[in-house]
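Read through the structure below, which is laid out as structure tokens, and then see the notes.
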Amino acid sequence: MNKTISLLIAAALSTSAFADDGRHEMKHQGGDQMKHADINHDHGAEHDHGANHEHESHDHNAMAHDHGDMGMKAATISHTDEISAALAIGGAPVVVDVLGVVCDFCATAMNKIFSKRDEVAAIYVDLDKKTLSLVINEGSDLSDKQIEKLAKQAGYRIAAIRRDSEAMGG
Amino acid sequence: MRSAVLGIAMASLTILTCSVVQARPVSYAGGWTLIEVANRASTAGLVHYSPAHNFSVGLRHEWQRADDVKLTAIQPTLLVKRWFGREYQGNFYLTGGLGTAKDESPNKLGSDTASFVGVMVDWETRTLFVSYEARFLEQGALGNQSMHEARFGWAPYAGDTGELHTWLMLEVDRREHFEDKTSVTPLLRFFKGPALLELGYNLTDPSPLVNFTYRF
């Protein structure tokens, strides 16, 4: 019993949630916006793998970096009445590939966290696509870093973000 | 020196001690969760608040029906690690509590300080689920308890957002202080939006299982 308790305490003190050997802080050339040409994680011009390549909430073992999935089509925005209405009045579409979203509690968490933001006009978590679809109010902005941070508050991690025509599949 | 180490260990224990661990015992930052658990051993209620995505603190009330002991405790839970993947999620939690246990039986053994520590590990996809949890409870004169519980689950279909999710699960538990130390409970889990309901029946120690969770 005492040994078990000691082991549990040691584990708690030496480990932190979201610790991940394959994780790096996200940092992309060209500023704040994370640009993924598609879900297959283009290792070309848009993605700096130099010395400053730091990813947070960016899992190299995940879908966006799974080169075994080459050719998989990137998911586009989910169309709900709320999202369609927000797009119709000039909102900007954003599609976020989310890791670890396996149940409705996950969807509830993302909805609660993102819905609090004034920038967000509409939101939908799609368990089938494993995506978070957002429409950002016209004239507002929600940076990739902010989206990462909000996803983390919800308890999840993002793999990729697509905006505008990429989000619409165009 | 030895007493100092023991003191630190006990202080840590009071922070980490626990009762029964629940599925997803930590919510999103700012989220509240109501949990009700009724199984062959006890009927319990827990309300907790998560100030951060990896920590929650709550109040637990538990009635250990066989001994007619009622336990009330503060219960913190720490998400130590979460594993992410496109198709899966895994979690490792430590949880605990510190409070009082009161004997309500004719024996009238009175009240005593209670502390407990627990661990839970789970891994799930949209159609497969496996978990293990354990609890070690100390209640002084009212007796100590240990519990181990493993679950296996399968969903016949992958429900999308907002749809009804249905799971078939099998729970195997071991409680050293029970006559039937090991028991088996098949159960159904229904999951929709912020609400989760589990209904089962213990085949070894005939008794119903009714668990409910609501997140807001």
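Residues are referred to by chain and number: the chain letter is A, B, ... according to the order shown in the structure tokens, the number counts from 1 in that chain, and ligands are numbered separately from 1 in the order shown.
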
Closest atom pairs, residues of chain B within 6 Å of chain A, only C-alpha atoms, as a tab-separated table:
residue	atom	partner	partner_atom	distance
B:Tyr28	CA	A:Ala154	CA	4.5
B:Ala29	CA	A:Gln153	CA	5.4
B:His53	CA	A:Gly155	CA	5.2
B:Leu79	CA	A:Ala17	CA	5.7
B:Val80	CA	A:Ala17	CA	4.4
B:Lys81	CA	A:Ala17	CA	3.7
B:Arg82	CA	A:Phe18	CA	5.4
B:Phe84	CA	A:Gly100	CA	4.8
B:Gly85	CA	A:Leu99	CA	5.1
B:Arg86	CA	A:Leu99	CA	4.9
B:Tyr88	CA	A:Gly100	CA	5.4
B:Gln89	CA	A:Gly100	CA	4.6
B:Thr125	CA	A:Val102	CA	5.9
B:Arg126	CA	A:Val102	CA	5.2
B:Asp160	CA	A:Leu127	CA	5.4
B:Thr161	CA	A:Leu127	CA	5.6
B:Gly193	CA	A:Asp104	CA	5.2
B:Pro194	CA	A:Phe105	CA	5.9

Item to check | Residue neighbourhood Asn107 (chain B), 12 Å, only C-alpha atoms, exclusion window fewer than 2 positions, as JSON, numbers by chain | outcome: {"B": [67, 68, 69, 102, 103, 104, 105, 109, 110, 111, 141, 142]}

Checklist entry - Val135 (chain A): which residues within 7 Å, counting only C-alpha atoms, same-chain residues fewer than 3 positions away excluded, as a PyMOL selection string? => result chain A and resi 83+86-87+91-94+120-123

Write out the residues from the selection above, keeping C-alpha atoms, as an mmCIF file, in the first residue's frame.
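So the final result, stored in selection-v4.cif, reads:
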data_model
loop_
_atom_site.group_PDB
_atom_site.id
_atom_site.type_symbol
_atom_site.label_atom_id
_atom_site.label_comp_id
_atom_site.auth_asym_id
_atom_site.auth_seq_id
_atom_site.Cartn_x
_atom_site.Cartn_y
_atom_site.Cartn_z
ATOM 1 C CA ILE A 83 -22.244 27.701 -40.330
ATOM 2 C CA ALA A 86 -22.418 32.770 -40.807
ATOM 3 C CA LEU A 87 -20.643 32.208 -44.124
ATOM 4 C CA GLY A 91 -17.659 35.076 -42.107
ATOM 5 C CA ALA A 92 -14.296 33.453 -42.737
ATOM 6 C CA PRO A 93 -14.164 29.646 -42.741
ATOM 7 C CA VAL A 94 -11.579 27.746 -40.717
ATOM 8 C CA VAL A 120 -16.475 32.957 -33.441
ATOM 9 C CA ALA A 121 -19.729 33.265 -35.353
ATOM 10 C CA ALA A 122 -20.385 29.558 -35.736
ATOM 11 C CA ILE A 123 -18.842 26.288 -34.639
#

Item to check | Test item, strand (DSSP E or B) assignment across chain B, answer as a ChimeraX atom specification | outcome: /B:31-38,42-52,55-64,69-84,89-103,111-124,128-138,145-154,165-175,182-192,195-202,207-215

Checklist entry - Can you tell me, as a list in words, what residues are no more than 6 Å from Gln75 (chain B) when counting only C-alpha atoms, ignoring any on the same chain fewer than 2 positions away? => result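 Residues meeting the cut-off are Val57, Gly58, Leu59, Gly96 and Gly97 of chain B.
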
Based on the selection just made, write C-alpha atoms of those residues as a PDB file, in the first residue's frame.
ATOM      1  CA  VAL B  57     -11.496  19.502  -7.730  1.00  0.00           C
ATOM      2  CA  GLY B  58     -14.807  18.293  -6.417  1.00  0.00           C
ATOM      3  CA  LEU B  59     -16.949  17.259  -3.508  1.00  0.00           C
ATOM      4  CA  GLY B  96      -7.781  11.360  -4.431  1.00  0.00           C
ATOM      5  CA  GLY B  97      -9.627  12.858  -1.556  1.00  0.00           C
TER       6      GLY B  97
END

Checklist entry - Can you tell me how far CA of Phe55 (chain B) sits from CA of Val121 (chain B), in Å to one decimal? => result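 CA of Phe55 (chain B) sits 15.3 Å away from CA of Val121 (chain B).
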
Next on the checklist: as a list of chain:residue names, please: the residues near Gln145 (chain B) (cut-off 10 Å, only C-alpha atoms, same-chain neighbours under 5 positions excluded).
Outcome noted: B:Phe116, B:Arg135, B:Phe136, B:Leu137, B:Glu138, B:Gln139, B:Arg175, B:Glu176, B:His177, B:Phe178

Print the selection's residues with all heavy atoms to a file, as an mmCIF file, in the first residue's frame.
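Now in part.cif:
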data_model
loop_
_atom_site.group_PDB
_atom_site.id
_atom_site.type_symbol
_atom_site.label_atom_id
_atom_site.label_comp_id
_atom_site.auth_asym_id
_atom_site.auth_seq_id
_atom_site.Cartn_x
_atom_site.Cartn_y
_atom_site.Cartn_z
ATOM 1 N N PHE B 116 -7.983 8.625 0.557
ATOM 2 C CA PHE B 116 -7.904 7.583 -0.465
ATOM 3 C C PHE B 116 -7.116 8.092 -1.659
ATOM 4 O O PHE B 116 -7.000 9.296 -1.901
ATOM 5 C CB PHE B 116 -9.298 7.126 -0.901
ATOM 6 C CG PHE B 116 -10.368 8.138 -0.704
ATOM 7 C CD1 PHE B 116 -10.619 9.090 -1.665
ATOM 8 C CD2 PHE B 116 -11.123 8.144 0.455
ATOM 9 C CE1 PHE B 116 -11.613 10.028 -1.469
ATOM 10 C CE2 PHE B 116 -12.115 9.089 0.657
ATOM 11 C CZ PHE B 116 -12.356 10.031 -0.303
ATOM 12 N N ARG B 135 -8.438 1.892 -6.485
ATOM 13 C CA ARG B 135 -8.635 2.804 -5.359
ATOM 14 C C ARG B 135 -8.156 2.133 -4.070
ATOM 15 O O ARG B 135 -8.398 0.948 -3.853
ATOM 16 C CB ARG B 135 -10.109 3.146 -5.219
ATOM 17 C CG ARG B 135 -10.445 3.856 -3.927
ATOM 18 C CD ARG B 135 -11.934 4.135 -3.829
ATOM 19 N NE ARG B 135 -12.668 3.035 -3.234
ATOM 20 C CZ ARG B 135 -13.918 3.144 -2.786
ATOM 21 N NH1 ARG B 135 -14.559 4.290 -2.924
ATOM 22 N NH2 ARG B 135 -14.535 2.128 -2.248
ATOM 23 N N PHE B 136 -7.479 2.901 -3.278
ATOM 24 C CA PHE B 136 -7.053 2.440 -1.957
ATOM 25 C C PHE B 136 -7.595 3.440 -0.948
ATOM 26 O O PHE B 136 -7.261 4.619 -0.984
ATOM 27 C CB PHE B 136 -5.530 2.345 -1.885
ATOM 28 C CG PHE B 136 -4.969 1.464 -2.960
ATOM 29 C CD1 PHE B 136 -4.500 2.012 -4.143
ATOM 30 C CD2 PHE B 136 -4.945 0.083 -2.814
ATOM 31 C CE1 PHE B 136 -4.010 1.203 -5.157
ATOM 32 C CE2 PHE B 136 -4.466 -0.729 -3.823
ATOM 33 C CZ PHE B 136 -3.989 -0.177 -4.991
ATOM 34 N N LEU B 137 -8.430 2.927 -0.064
ATOM 35 C CA LEU B 137 -9.152 3.793 0.866
ATOM 36 C C LEU B 137 -8.795 3.446 2.305
ATOM 37 O O LEU B 137 -8.813 2.278 2.694
ATOM 38 C CB LEU B 137 -10.664 3.598 0.629
ATOM 39 C CG LEU B 137 -11.642 4.115 1.674
ATOM 40 C CD1 LEU B 137 -11.574 5.626 1.774
ATOM 41 C CD2 LEU B 137 -13.062 3.666 1.317
ATOM 42 N N GLU B 138 -8.505 4.473 3.085
ATOM 43 C CA GLU B 138 -8.226 4.284 4.513
ATOM 44 C C GLU B 138 -9.256 5.081 5.311
ATOM 45 O O GLU B 138 -9.427 6.275 5.083
ATOM 46 C CB GLU B 138 -6.804 4.737 4.835
ATOM 47 C CG GLU B 138 -5.744 3.869 4.146
ATOM 48 C CD GLU B 138 -4.322 4.209 4.559
ATOM 49 O OE1 GLU B 138 -4.138 5.242 5.216
ATOM 50 O OE2 GLU B 138 -3.414 3.435 4.220
ATOM 51 N N GLN B 139 -9.926 4.373 6.228
ATOM 52 C CA GLN B 139 -10.978 5.017 7.029
ATOM 53 C C GLN B 139 -10.784 4.772 8.518
ATOM 54 O O GLN B 139 -11.749 4.752 9.275
ATOM 55 C CB GLN B 139 -12.356 4.493 6.607
ATOM 56 C CG GLN B 139 -12.697 4.773 5.156
ATOM 57 C CD GLN B 139 -14.052 4.237 4.761
ATOM 58 O OE1 GLN B 139 -14.880 4.966 4.248
ATOM 59 N NE2 GLN B 139 -14.297 2.960 4.995
ATOM 60 N N ARG B 175 -12.835 -6.534 -5.165
ATOM 61 C CA ARG B 175 -12.909 -5.826 -3.892
ATOM 62 C C ARG B 175 -12.574 -6.818 -2.786
ATOM 63 O O ARG B 175 -13.342 -7.742 -2.516
ATOM 64 C CB ARG B 175 -14.307 -5.223 -3.700
ATOM 65 C CG ARG B 175 -14.583 -4.053 -4.638
ATOM 66 C CD ARG B 175 -16.008 -3.542 -4.494
ATOM 67 N NE ARG B 175 -16.168 -2.204 -5.036
ATOM 68 C CZ ARG B 175 -16.386 -1.931 -6.319
ATOM 69 N NH1 ARG B 175 -16.485 -2.925 -7.182
ATOM 70 N NH2 ARG B 175 -16.511 -0.685 -6.728
ATOM 71 N N GLU B 176 -11.452 -6.578 -2.142
ATOM 72 C CA GLU B 176 -10.936 -7.550 -1.167
ATOM 73 C C GLU B 176 -11.834 -7.677 0.063
ATOM 74 O O GLU B 176 -11.817 -8.708 0.734
ATOM 75 C CB GLU B 176 -9.520 -7.143 -0.726
ATOM 76 C CG GLU B 176 -8.491 -7.136 -1.848
ATOM 77 C CD GLU B 176 -8.256 -8.521 -2.457
ATOM 78 O OE1 GLU B 176 -8.570 -9.525 -1.784
ATOM 79 O OE2 GLU B 176 -7.776 -8.583 -3.598
ATOM 80 N N HIS B 177 -12.592 -6.641 0.360
ATOM 81 C CA HIS B 177 -13.407 -6.678 1.571
ATOM 82 C C HIS B 177 -14.792 -7.272 1.330
ATOM 83 O O HIS B 177 -15.627 -7.281 2.237
ATOM 84 C CB HIS B 177 -13.534 -5.263 2.155
ATOM 85 C CG HIS B 177 -14.121 -4.263 1.208
ATOM 86 N ND1 HIS B 177 -13.476 -3.849 0.074
ATOM 87 C CD2 HIS B 177 -15.309 -3.608 1.232
ATOM 88 C CE1 HIS B 177 -14.235 -2.968 -0.556
ATOM 89 N NE2 HIS B 177 -15.351 -2.811 0.112
ATOM 90 N N PHE B 178 -15.031 -7.780 0.117
ATOM 91 C CA PHE B 178 -16.309 -8.400 -0.184
ATOM 92 C C PHE B 178 -16.179 -9.926 -0.168
ATOM 93 O O PHE B 178 -15.112 -10.465 -0.426
ATOM 94 C CB PHE B 178 -16.814 -7.951 -1.565
ATOM 95 C CG PHE B 178 -17.612 -6.685 -1.533
ATOM 96 C CD1 PHE B 178 -17.058 -5.513 -1.028
ATOM 97 C CD2 PHE B 178 -18.919 -6.657 -1.990
ATOM 98 C CE1 PHE B 178 -17.783 -4.331 -0.994
ATOM 99 C CE2 PHE B 178 -19.660 -5.488 -1.958
ATOM 100 C CZ PHE B 178 -19.095 -4.325 -1.455
#

Next on the checklist: Using only C-alpha atoms, which protein or nucleic acid residues come within 12 Å of Val172 (chain B)? Drop anything in the same chain fewer than 2 positions from it, and give the result as a count of residues only.
Outcome noted: 31
